[in-house]
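*Asks:* My structure is in my_file-v3.pdb, and what it holds is PDB, C-alpha atoms:
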ATOM      1  CA  MET N  12      -2.362  89.822 102.333
ATOM      2  CA  ASN N  13      -4.867  89.943 105.171
ATOM      3  CA  ALA N  14      -5.896  87.141 107.458
ATOM      4  CA  MET N  15      -9.288  86.864 105.742
ATOM      5  CA  ALA N  16      -7.709  85.747 102.469
ATOM      6  CA  ALA N  17      -5.640  83.032 104.123
ATOM      7  CA  THR N  18      -7.195  79.598 103.991
ATOM      8  CA  LEU N  19      -4.609  77.215 105.463
ATOM      9  CA  TYR N  20      -3.682  77.369 109.147
ATOM     10  CA  PHE N  21      -1.076  75.508 111.201
ATOM     11  CA  GLU N  22      -3.531  72.653 111.780
ATOM     12  CA  ASN N  23      -3.896  72.149 108.023
ATOM     13  CA  PHE N  24      -0.287  71.010 107.526
ATOM     14  CA  PRO N  25       0.000  67.380 108.655
ATOM     15  CA  VAL N  26       3.377  65.685 108.190
ATOM     16  CA  GLY N  27       3.508  64.184 104.698
ATOM     17  CA  ARG N  28       1.279  66.713 102.945
ATOM     18  CA  THR N  29       2.968  67.825  99.698
ATOM     19  CA  PHE N  30       2.535  70.936  97.572
ATOM     20  CA  GLU N  31       3.802  71.506  94.023
ATOM     21  CA  CYS N  32       5.384  74.899  93.327
ATOM     22  CA  GLY N  33       6.941  76.453  90.238
ATOM     23  CA  PRO N  34       8.013  76.455  87.455
ATOM     24  CA  TYR N  35      10.960  78.894  87.354
ATOM     25  CA  SER N  36      12.997  79.421  84.184
ATOM     26  CA  VAL N  37      16.661  80.033  84.916
ATOM     27  CA  THR N  38      18.420  82.417  82.537
ATOM     28  CA  ARG N  39      22.099  83.111  82.004
ATOM     29  CA  GLU N  40      21.467  86.823  82.545
ATOM     30  CA  GLU N  41      19.847  86.258  85.938
ATOM     31  CA  ILE N  42      22.572  83.835  87.101
ATOM     32  CA  ILE N  43      25.210  86.462  86.306
ATOM     33  CA  GLU N  44      23.178  89.371  87.697
ATOM     34  CA  PHE N  45      22.651  87.621  91.056
ATOM     35  CA  ALA N  46      26.297  86.532  91.211
ATOM     36  CA  ARG N  47      27.626  90.020  90.409
ATOM     37  CA  GLU N  48      25.712  91.447  93.347
ATOM     38  CA  PHE N  49      26.062  88.677  95.943
ATOM     39  CA  ASP N  50      28.454  85.890  94.942
ATOM     40  CA  PRO N  51      31.028  87.139  92.427
ATOM     41  CA  GLN N  52      33.051  83.962  91.920
ATOM     42  CA  PRO N  53      34.294  83.007  88.437
ATOM     43  CA  HIS N  54      32.159  79.825  88.203
ATOM     44  CA  HIS N  55      28.983  81.937  88.598
ATOM     45  CA  LEU N  56      30.089  84.785  86.283
ATOM     46  CA  ASP N  57      32.171  83.575  83.394
ATOM     47  CA  GLU N  58      31.607  80.615  81.048
ATOM     48  CA  ASP N  59      35.280  80.000  80.340
ATOM     49  CA  ALA N  60      36.418  80.190  83.957
ATOM     50  CA  ALA N  61      33.470  78.004  84.961
ATOM     51  CA  LYS N  62      34.544  75.236  82.560
ATOM     52  CA  HIS N  63      37.726  74.750  84.583
ATOM     53  CA  SER N  64      35.953  74.800  87.972
ATOM     54  CA  MET N  65      34.410  71.966  90.013
ATOM     55  CA  LEU N  66      31.064  72.887  88.431
ATOM     56  CA  GLY N  67      32.242  72.187  84.884
ATOM     57  CA  GLY N  68      30.381  75.165  83.440
ATOM     58  CA  LEU N  69      28.434  78.270  84.387
ATOM     59  CA  ALA N  70      26.063  77.543  87.285
ATOM     60  CA  ALA N  71      23.874  79.533  89.647
ATOM     61  CA  SER N  72      25.090  80.468  93.144
ATOM     62  CA  GLY N  73      23.656  78.166  95.808
ATOM     63  CA  TRP N  74      22.189  81.267  97.463
ATOM     64  CA  HIS N  75      20.472  82.061  94.174
ATOM     65  CA  VAL N  76      19.032  78.525  94.146
ATOM     66  CA  CYS N  77      17.674  79.143  97.662
ATOM     67  CA  ALA N  78      16.226  82.496  96.562
ATOM     68  CA  MET N  79      14.533  80.958  93.494
ATOM     69  CA  THR N  80      13.155  78.170  95.705
ATOM     70  CA  MET N  81      11.768  80.809  98.088
ATOM     71  CA  LYS N  82      10.141  82.611  95.134
ATOM     72  CA  MET N  83       8.393  79.455  93.921
ATOM     73  CA  PHE N  84       7.335  78.606  97.481
ATOM     74  CA  ALA N  85       6.122  82.153  98.163
ATOM     75  CA  ASP N  86       4.167  82.482  94.909
ATOM     76  CA  HIS N  87       2.310  79.239  95.495
ATOM     77  CA  MET N  88       2.063  78.961  99.276
ATOM     78  CA  ILE N  89       1.869  82.477 100.704
ATOM     79  CA  PRO N  90      -1.563  83.259  99.181
ATOM     80  CA  LEU N  91      -2.850  79.974 100.612
ATOM     81  CA  MET N  92      -1.668  80.209 104.176
ATOM     82  CA  ALA N  93      -1.697  82.462 107.231
ATOM     83  CA  ALA N  94       2.070  83.025 107.133
ATOM     84  CA  ARG N  95       3.779  85.052 109.858
ATOM     85  CA  GLY N  96       7.368  85.067 108.571
ATOM     86  CA  GLY N  97      10.139  82.503 108.768
ATOM     87  CA  SER N  98      12.369  81.376 111.609
ATOM     88  CA  GLY N  99      15.105  79.680 109.651
ATOM     89  CA  SER N 100      16.225  76.961 107.291
ATOM     90  CA  ARG N 101      17.682  73.933 108.992
ATOM     91  CA  GLU N 102      19.580  72.696 105.955
ATOM     92  CA  ALA N 103      20.214  73.111 102.253
ATOM     93  CA  ARG N 104      21.967  70.661  99.989
ATOM     94  CA  TRP N 105      23.252  71.987  96.686
ATOM     95  CA  MET N 106      23.545  68.672  94.858
ATOM     96  CA  LYS N 107      23.781  69.436  91.134
ATOM     97  CA  PRO N 108      24.714  72.595  89.224
ATOM     98  CA  VAL N 109      21.745  74.737  88.146
ATOM     99  CA  ARG N 110      22.431  75.876  84.586
ATOM    100  CA  PRO N 111      21.128  78.537  82.208
ATOM    101  CA  GLY N 112      18.019  77.138  80.506
ATOM    102  CA  ASP N 113      17.017  74.883  83.389
ATOM    103  CA  VAL N 114      13.347  74.960  84.349
ATOM    104  CA  LEU N 115      12.974  74.377  88.073
ATOM    105  CA  ARG N 116      10.022  73.134  90.105
ATOM    106  CA  VAL N 117       9.597  72.348  93.792
ATOM    107  CA  GLU N 118       7.921  69.556  95.729
ATOM    108  CA  ALA N 119       7.377  70.961  99.224
ATOM    109  CA  THR N 120       6.572  68.254 101.795
ATOM    110  CA  VAL N 121       5.702  68.869 105.445
ATOM    111  CA  VAL N 122       8.289  66.974 107.512
ATOM    112  CA  ASP N 123       7.818  68.479 110.979
ATOM    113  CA  THR N 124       5.349  70.668 112.858
ATOM    114  CA  LYS N 125       5.798  72.337 116.213
ATOM    115  CA  ALA N 126       3.293  74.466 118.078
ATOM    116  CA  SER N 127       4.958  77.459 119.693
ATOM    117  CA  ARG N 128       5.360  77.075 123.451
ATOM    118  CA  GLY N 129       5.351  80.746 124.289
ATOM    119  CA  ARG N 130       2.820  81.856 121.662
ATOM    120  CA  PRO N 131      -0.445  79.899 121.524
ATOM    121  CA  ASP N 132      -1.479  81.669 118.285
ATOM    122  CA  ILE N 133       1.310  80.344 116.048
ATOM    123  CA  GLY N 134       3.249  77.234 115.094
ATOM    124  CA  HIS N 135       6.305  76.299 113.044
ATOM    125  CA  VAL N 136       5.868  74.073 109.978
ATOM    126  CA  THR N 137       9.007  72.659 108.380
ATOM    127  CA  PHE N 138       8.885  71.883 104.675
ATOM    128  CA  GLU N 139      11.472  69.840 102.803
ATOM    129  CA  CYS N 140      11.583  71.545  99.409
ATOM    130  CA  ARG N 141      12.946  69.184  96.771
ATOM    131  CA  VAL N 142      14.071  71.244  93.798
ATOM    132  CA  PHE N 143      14.005  69.501  90.414
ATOM    133  CA  SER N 144      15.270  70.616  87.037
ATOM    134  CA  GLN N 145      13.661  69.169  83.908
ATOM    135  CA  THR N 146      15.937  66.115  84.317
ATOM    136  CA  GLU N 147      16.931  65.580  87.971
ATOM    137  CA  LEU N 148      16.894  66.523  91.641
ATOM    138  CA  VAL N 149      19.263  69.507  91.935
ATOM    139  CA  ALA N 150      18.834  70.743  95.510
ATOM    140  CA  ILE N 151      16.994  70.309  98.794
ATOM    141  CA  VAL N 152      16.147  73.417 100.816
ATOM    142  CA  PHE N 153      14.328  73.290 104.149
ATOM    143  CA  MET N 154      11.929  76.123 104.946
ATOM    144  CA  THR N 155      10.226  76.741 108.292
ATOM    145  CA  PRO N 156       7.483  79.321 107.971
ATOM    146  CA  VAL N 157       5.623  80.448 111.071
ATOM    147  CA  ILE N 158       1.899  79.883 110.514
ATOM    148  CA  ALA N 159      -1.094  81.106 112.493
ATOM    149  CA  ARG N 160      -3.121  78.528 114.424
ATOM    150  CA  GLN N 161      -6.730  78.078 113.466
ATOM    151  CA  SER N 162      -7.666  77.487 117.075
ATOM    152  CA  ALA N 163      -6.499  81.031 117.847
ATOM    153  CA  ALA N 164      -8.139  82.678 114.814
TER     154      ALA N 164
ATOM    155  CA  MET B  13      52.321  83.946  97.892
ATOM    156  CA  SER B  14      51.883  80.596  99.579
ATOM    157  CA  THR B  15      48.892  78.376  99.173
ATOM    158  CA  GLN B  16      46.691  77.221 102.028
ATOM    159  CA  TYR B  17      45.249  73.716 101.875
ATOM    160  CA  TRP B  18      42.628  71.897 103.971
ATOM    161  CA  GLU B  19      45.427  70.647 106.259
ATOM    162  CA  ASP B  20      46.474  74.247 106.993
ATOM    163  CA  VAL B  21      43.031  75.490 108.050
ATOM    164  CA  GLU B  22      42.911  75.967 111.827
ATOM    165  CA  ILE B  23      39.788  75.355 113.854
ATOM    166  CA  GLY B  24      38.968  78.561 115.724
ATOM    167  CA  SER B  25      40.435  80.914 113.133
ATOM    168  CA  ARG B  26      38.043  83.796 112.611
ATOM    169  CA  ARG B  27      37.451  86.275 109.812
ATOM    170  CA  ASP B  28      35.729  89.595 110.439
ATOM    171  CA  LEU B  29      33.785  90.184 107.227
ATOM    172  CA  GLY B  30      32.947  93.826 107.904
ATOM    173  CA  SER B  31      29.599  95.518 108.239
ATOM    174  CA  TYR B  32      26.664  96.279 105.976
ATOM    175  CA  THR B  33      23.767  98.733 106.216
ATOM    176  CA  PHE B  34      20.456  97.569 104.734
ATOM    177  CA  THR B  35      18.372 100.185 102.908
ATOM    178  CA  GLU B  36      14.612 100.103 102.388
ATOM    179  CA  ASP B  37      15.036 100.239  98.598
ATOM    180  CA  GLU B  38      17.248  97.181  98.388
ATOM    181  CA  ILE B  39      15.192  95.219 100.924
ATOM    182  CA  ILE B  40      12.157  95.760  98.689
ATOM    183  CA  ARG B  41      14.066  95.130  95.456
ATOM    184  CA  PHE B  42      15.412  91.771  96.666
ATOM    185  CA  ALA B  43      12.068  90.663  98.099
ATOM    186  CA  ARG B  44      10.054  91.602  94.998
ATOM    187  CA  LYS B  45      12.265  89.249  93.042
ATOM    188  CA  TYR B  46      12.636  86.376  95.490
ATOM    189  CA  ASP B  47      10.470  86.652  98.622
ATOM    190  CA  PRO B  48       7.363  88.727  97.864
ATOM    191  CA  GLN B  49       5.647  88.628 101.253
ATOM    192  CA  PRO B  50       3.861  91.810 102.386
ATOM    193  CA  PHE B  51       6.229  92.521 105.301
ATOM    194  CA  HIS B  52       9.216  92.388 102.883
ATOM    195  CA  ILE B  53       7.828  94.505 100.015
ATOM    196  CA  ASP B  54       5.146  96.878 101.303
ATOM    197  CA  PRO B  55       6.029  99.334 104.125
ATOM    198  CA  GLU B  56       2.337 100.089 104.813
ATOM    199  CA  ALA B  57       1.220  96.455 104.955
ATOM    200  CA  ALA B  58       4.322  95.669 107.031
ATOM    201  CA  LYS B  59       3.121  98.079 109.745
ATOM    202  CA  GLN B  60       0.064  95.863 110.215
ATOM    203  CA  SER B  61       2.149  92.669 110.362
ATOM    204  CA  ILE B  62       3.530  91.090 113.530
ATOM    205  CA  PHE B  63       6.874  92.721 112.699
ATOM    206  CA  GLY B  64       5.392  96.228 112.925
ATOM    207  CA  GLY B  65       7.359  97.425 109.905
ATOM    208  CA  LEU B  66       9.340  96.426 106.852
ATOM    209  CA  ILE B  67      11.978  93.714 107.367
ATOM    210  CA  ALA B  68      14.535  92.113 105.050
ATOM    211  CA  SER B  69      14.045  88.603 103.670
ATOM    212  CA  GLY B  70      16.245  86.156 105.567
ATOM    213  CA  TRP B  71      17.608  85.057 102.193
ATOM    214  CA  HIS B  72      18.718  88.634 101.592
ATOM    215  CA  THR B  73      20.706  88.567 104.856
ATOM    216  CA  ALA B  74      22.278  85.264 103.770
ATOM    217  CA  ALA B  75      23.184  86.693 100.346
ATOM    218  CA  ILE B  76      24.838  89.719 102.003
ATOM    219  CA  TRP B  77      26.904  87.352 104.188
ATOM    220  CA  MET B  78      28.148  85.722 100.957
ATOM    221  CA  LYS B  79      28.841  89.100  99.353
ATOM    222  CA  LEU B  80      30.977  90.211 102.311
ATOM    223  CA  ALA B  81      32.757  86.850 102.519
ATOM    224  CA  ILE B  82      33.813  87.126  98.864
ATOM    225  CA  ALA B  83      34.853  90.772  99.303
ATOM    226  CA  GLU B  84      36.965  89.911 102.335
ATOM    227  CA  ARG B  85      38.649  87.082 100.434
ATOM    228  CA  ALA B  86      39.415  89.459  97.553
ATOM    229  CA  ASN B  87      40.772  92.114  99.954
ATOM    230  CA  SER B  88      43.111  89.696 101.652
ATOM    231  CA  ALA B  89      44.387  88.253  98.346
ATOM    232  CA  GLY B  90      48.127  88.786  98.198
ATOM    233  CA  LYS B  91      48.266  89.540 101.939
ATOM    234  CA  SER B  92      47.513  86.118 103.378
ATOM    235  CA  PRO B  93      47.951  82.610 101.940
ATOM    236  CA  LEU B  94      45.493  81.750  99.163
ATOM    237  CA  LEU B  95      42.987  79.176 100.385
ATOM    238  CA  ARG B  96      42.327  76.492  97.780
ATOM    239  CA  ALA B  97      38.583  76.737  98.304
ATOM    240  CA  GLY B  98      35.995  75.455  95.873
ATOM    241  CA  VAL B  99      32.256  75.316  95.930
ATOM    242  CA  SER B 100      29.906  74.517  98.810
ATOM    243  CA  PRO B 101      27.655  71.469  99.208
ATOM    244  CA  GLY B 102      25.208  73.415 101.378
ATOM    245  CA  TYR B 103      24.667  74.671 104.925
ATOM    246  CA  GLU B 104      22.992  73.681 108.200
ATOM    247  CA  ASP B 105      21.084  75.330 111.054
ATOM    248  CA  MET B 106      20.340  78.719 109.536
ATOM    249  CA  ARG B 107      18.393  80.898 111.967
ATOM    250  CA  TRP B 108      16.867  84.318 111.521
ATOM    251  CA  LEU B 109      16.747  85.367 115.170
ATOM    252  CA  ARG B 110      15.867  89.078 114.953
ATOM    253  CA  PRO B 111      14.242  91.166 112.230
ATOM    254  CA  VAL B 112      16.559  93.156 109.937
ATOM    255  CA  ARG B 113      15.044  96.603 109.379
ATOM    256  CA  PRO B 114      15.931  99.445 106.984
ATOM    257  CA  GLY B 115      18.876 101.456 108.265
ATOM    258  CA  MET B 116      20.213  98.664 110.458
ATOM    259  CA  THR B 117      23.941  97.961 110.258
ATOM    260  CA  LEU B 118      25.006  94.363 110.794
ATOM    261  CA  ARG B 119      28.533  93.095 111.399
ATOM    262  CA  PHE B 120      29.292  89.729 109.815
ATOM    263  CA  SER B 121      31.886  87.114 110.735
ATOM    264  CA  SER B 122      32.994  83.584 109.912
ATOM    265  CA  GLU B 123      34.852  81.210 112.243
ATOM    266  CA  VAL B 124      36.192  77.756 111.410
ATOM    267  CA  CYS B 125      34.387  75.267 113.666
ATOM    268  CA  GLY B 126      35.200  71.891 112.133
ATOM    269  CA  LYS B 127      36.964  69.882 109.422
ATOM    270  CA  VAL B 128      35.705  66.726 107.749
ATOM    271  CA  GLU B 129      37.632  64.256 105.606
ATOM    272  CA  LEU B 130      35.924  62.867 102.525
ATOM    273  CA  LYS B 131      36.429  59.171 101.847
ATOM    274  CA  SER B 132      34.691  59.515  98.490
ATOM    275  CA  ARG B 133      36.949  62.385  97.365
ATOM    276  CA  PRO B 134      40.405  62.043  98.904
ATOM    277  CA  GLU B 135      41.667  65.152  97.088
ATOM    278  CA  MET B 136      39.139  67.367  98.918
ATOM    279  CA  GLY B 137      38.093  68.040 102.490
ATOM    280  CA  ILE B 138      35.218  69.974 104.020
ATOM    281  CA  VAL B 139      35.694  72.992 106.263
ATOM    282  CA  LEU B 140      32.784  73.916 108.539
ATOM    283  CA  THR B 141      32.283  77.538 109.585
ATOM    284  CA  ARG B 142      30.028  79.213 112.133
ATOM    285  CA  ASN B 143      28.802  82.360 110.436
ATOM    286  CA  GLU B 144      27.078  85.229 112.198
ATOM    287  CA  ALA B 145      25.592  88.669 111.845
ATOM    288  CA  ARG B 146      25.196  90.904 114.907
ATOM    289  CA  ASP B 147      23.434  94.231 115.325
ATOM    290  CA  GLU B 148      24.913  97.502 116.658
ATOM    291  CA  ASN B 149      24.381  96.285 120.235
ATOM    292  CA  GLY B 150      26.150  93.000 119.611
ATOM    293  CA  ALA B 151      22.950  90.937 119.635
ATOM    294  CA  LEU B 152      22.941  87.877 117.413
ATOM    295  CA  VAL B 153      20.624  88.435 114.421
ATOM    296  CA  PHE B 154      21.571  85.688 111.968
ATOM    297  CA  VAL B 155      23.587  82.476 112.251
ATOM    298  CA  PHE B 156      24.315  79.377 110.191
ATOM    299  CA  THR B 157      26.885  76.624 109.760
ATOM    300  CA  GLY B 158      28.565  76.837 106.371
ATOM    301  CA  LYS B 159      30.329  74.030 104.510
ATOM    302  CA  GLY B 160      33.025  74.455 101.905
ATOM    303  CA  PHE B 161      35.134  72.080  99.843
ATOM    304  CA  VAL B 162      38.846  72.831 100.239
ATOM    305  CA  GLN B 163      41.670  71.149  98.322
ATOM    306  CA  ARG B 164      43.923  68.808 100.300
ATOM    307  CA  ARG B 165      47.679  69.084 100.192
ATOM    308  CA  PRO B 166      48.983  66.990  97.297
ATOM    309  CA  ARG B 167      50.549  63.779  98.612
TER     310      ARG B 167
END
Output the file's structure in the form of structure tokens.

*Replies:*
Amino acid sequence: MNAMAATLYFENFPVGRTFECGPYSVTREEIIEFAREFDPQPHHLDEDAAKHSMLGGLAASGWHVCAMTMKMFADHMIPLMAARGGSGSREARWMKPVRPGDVLRVEATVVDTKASRGRPDIGHVTFECRVFSQTELVAIVFMTPVIARQSAA
Amino acid sequence: MSTQYWEDVEIGSRRDLGSYTFTEDEIIRFARKYDPQPFHIDPEAAKQSIFGGLIASGWHTAAIWMKLAIAERANSAGKSPLLRAGVSPGYEDMRWLRPVRPGMTLRFSSEVCGKVELKSRPEMGIVLTRNEARDENGALVFVFTGKGFVQRRPR
């Protein structure tokens, strides 16, 4: 992605602006594949063990939920904006289990913007990404991409 | 082997989770699936980015922290008391402070930094952990505050 293709700069993200990202279809195979590599706990790997856990059935790792949220955000937002990487994620709340067969989508709302003090060419834009399944809110993941400033372009 | 409940968890207790070396192949493989930005998936494009080369997705670093935390728990099973830990409601204050590049080896750790009672669920408590990754020179690369449900001692 080069700077010419980017259309949205730091100044184009006022607090309250919302973007819709997704969908993402969650499969049993992917839940297990991610968990085997990164989070091999019984409630992410095995249906029977998961039934007796706090989750009440097989569910995706919270880190997998964050990764899927990033994928939806990246697919939709990265082509639109002059992104320069990410500085962090101030919070995630894993509220409901994400199950095989769920179809996720994200509402990404700008909740905070901060021009960089040391670097006049960039700013930090914090998005609250509300992750919904087909029936309910399942997670909230905050993302803070660094975005180029139009005034410096 | 004895069981460790929320009451037994000591603030300040620290687990060294071991180290991990990131390879270019797995950085690209993870990012293609979950964070397909040019500086995570394309070594040539990454050279032109502000990072000056390929770097790992911050979510990849977080996932490796989890992988090492689970491995350490499995390794210490039978050697130390079994912690009655459940799932996590989330995390706070995750920061990606320095780029993680191919070939870098990070050392991960987890230290108990707080305990919270739950009025809504008296059978469970929350344990807060400060989790870190540092590079070969000891510089802080990655940090977040983790939260985990832990069973309370039956009363």

*Asks:* Quick one: everything within 9 Å of Asp86 in chain N, counting only C-alpha atoms, minus sequence neighbours fewer than 6 positions away in the same chain. Send it as a list in words.

*Replies:* Cys32 and Gly33 of chain N; Asp47, Pro48 and Gln49 of chain B

*Asks:* Take the residues that were just selected and, keeping C-alpha atoms, output them as a compact mmCIF listing (two decimals), in the coordinates of the input.

*Replies:*
# COMPACT_ATOMS: atom_id res chain seq x y z
CA CYS N 32 5.38 74.90 93.33
CA GLY N 33 6.94 76.45 90.24
CA ASP B 47 10.47 86.65 98.62
CA PRO B 48 7.36 88.73 97.86
CA GLN B 49 5.65 88.63 101.25

*Asks:* For Lys159 in chain B, find every residue with an atom within 7 Å (counting only C-alpha atoms), except residues of its own chain fewer than 6 positions away, and show them as a PDB file with C-alpha atoms, in the frame of the given file.

*Replies:*
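The result, written out as result_13.pdb:
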ATOM      1  CA  SER B 100      29.906  74.517  98.810  1.00  0.00           C
ATOM      2  CA  PRO B 101      27.655  71.469  99.208  1.00  0.00           C
ATOM      3  CA  GLY B 102      25.208  73.415 101.378  1.00  0.00           C
ATOM      4  CA  TYR B 103      24.667  74.671 104.925  1.00  0.00           C
ATOM      5  CA  ILE B 138      35.218  69.974 104.020  1.00  0.00           C
ATOM      6  CA  VAL B 139      35.694  72.992 106.263  1.00  0.00           C
ATOM      7  CA  LEU B 140      32.784  73.916 108.539  1.00  0.00           C
ATOM      8  CA  THR B 141      32.283  77.538 109.585  1.00  0.00           C
TER       9      THR B 141
END

*Asks:* Specify as number ranges by chain all residues of chain N found within 8 Å of chain B, counting only C-alpha atoms.

*Replies:* N: 12, 48-52, 64-66, 73-74, 77-79, 81-82, 85-86, 89, 95, 97-106

*Asks:* What's around Tyr20 in chain N at 6 Å? Count all atoms listed in the file, leave out sequence neighbours fewer than 6 positions away in its own chain, and write the answer as a list in words.

*Replies:*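 The contact residues come out as Ala93, Ala159, Arg160 and Gln161 of chain N.
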
*Asks:* Please, could you write that set of residues out with C-alpha atoms as a PDB file, in the coordinates of the input?

*Replies:*
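File produced: out35.pdb:
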ATOM      1  CA  ALA N  93      -1.697  82.462 107.231  1.00  0.00           C
ATOM      2  CA  ALA N 159      -1.094  81.106 112.493  1.00  0.00           C
ATOM      3  CA  ARG N 160      -3.121  78.528 114.424  1.00  0.00           C
ATOM      4  CA  GLN N 161      -6.730  78.078 113.466  1.00  0.00           C
TER       5      GLN N 161
END

*Asks:* Please report the interatomic distance between CA of Met88 in chain N and CA of Tyr35 in chain N in Å with one decimal.

*Replies:*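 Spanning CA of Met88 in chain N to CA of Tyr35 in chain N is a straight-line distance of 14.9 Å.
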
*Asks:* Compare B:Ala89, B:Val162, B:Ile40, B:Ala151 by their minimum atom-to-atom distance to Pro114 in chain B, counting all atoms listed in the file, and give me the closest one.

*Replies:*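 Among B:Ala89, B:Val162, B:Ile40, B:Ala151, it is B:Ile40 that comes nearest to Pro114 in chain B.
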
*Asks:* Kindly resolve the PyMOL selection byres ((chain N and resi 126) around 12) on the present coordinates and return the residues as a list in words.

*Replies:*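 Answer for the PyMOL selection byres ((chain N and resi 126) around 12): Tyr20, Phe21, Glu22, Phe24, Asp123, Thr124, Lys125, Ser127, Arg128, Gly129, Arg130, Pro131, Asp132, Ile133, Gly134, His135, Val136, Thr137, Pro156, Val157, Ile158, Ala159, Arg160, Gln161, Ser162 and Ala163 of chain N.
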
*Asks:* Separation of CA of Val114 in chain N and CA of Ala71 in chain N, in Å?

*Replies:* 12.6 Å

*Asks:* Write out as a tab-separated table (two decimals) with C-alpha atoms, in the coordinates of the input the residues lying within 10 Å of Cys140 in chain N, counting all atoms listed in the file and excluding same-chain residues fewer than 5 positions away.

*Replies:*
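The resulting file, result17.tsv, is reproduced below:
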chain	number	residue	atom	x	y	z
N	29	THR	CA	2.97	67.82	99.70
N	30	PHE	CA	2.54	70.94	97.57
N	31	GLU	CA	3.80	71.51	94.02
N	32	CYS	CA	5.38	74.90	93.33
N	77	CYS	CA	17.67	79.14	97.66
N	80	THR	CA	13.16	78.17	95.70
N	81	MET	CA	11.77	80.81	98.09
N	84	PHE	CA	7.34	78.61	97.48
N	103	ALA	CA	20.21	73.11	102.25
N	116	ARG	CA	10.02	73.13	90.10
N	117	VAL	CA	9.60	72.35	93.79
N	118	GLU	CA	7.92	69.56	95.73
N	119	ALA	CA	7.38	70.96	99.22
N	120	THR	CA	6.57	68.25	101.80
N	121	VAL	CA	5.70	68.87	105.44
N	122	VAL	CA	8.29	66.97	107.51
N	150	ALA	CA	18.83	70.74	95.51
N	151	ILE	CA	16.99	70.31	98.79
N	152	VAL	CA	16.15	73.42	100.82
N	153	PHE	CA	14.33	73.29	104.15
N	154	MET	CA	11.93	76.12	104.95

*Asks:* Residues around (38.4, 80.1, 87.3), cut-off 7 Å, counting all atoms listed in the file - what are they as a list in words?

*Replies:*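 In the file's frame, the residues around the point are Pro53, His54, Ala60, Ala61, His63 and Ser64 of chain N.
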
*Asks:* Near Ile42 in chain N, counting all atoms listed in the file, which residues have an atom at most 8 Å away, once you skip same-chain residues fewer than 6 positions from it, shown as a list in words?

*Replies:*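 My reading of the contact set: His55, Leu56, Ala70, Ala71, Ser72, His75 and Pro111 of chain N.
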
*Asks:* Pull the neighbourhood of (17.7, 66.5, 87.5) for me: all residues within 10 Å in file coordinates, counting all atoms listed in the file, as a ChimeraX atom specification.

*Replies:* /N:106-109,113,115,142-150

*Asks:* Can you translate the PyMOL selection byres ((chain B and resi 24-32) around 12) into the concrete residues it hits in this file, as a ChimeraX atom specification?

*Replies:* /B:20-23,33-35,72-73,75-88,92,112,114-127,139-148

*Asks:* Restricting the calculation to all atoms listed in the file, which member of B:Leu152, B:Asp37, B:Ser14, B:Gly137 is positioned closest to Ala97 in chain B?

*Replies:*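 Of B:Leu152, B:Asp37, B:Ser14, B:Gly137, the one nearest Ala97 in chain B, counting all atoms listed in the file, is B:Gly137.
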
*Asks:* Edge lengths and centre, in Å to one decimal, as JSON: that's what I need for the box along x, y and z that holds all listed atoms of range 94-102 of chain N plus 3 Å on each side.

*Replies:*
{"center_x": 10.8, "center_y": 78.9, "center_z": 108.8, "size_x": 23.5, "size_y": 18.4, "size_z": 11.7}
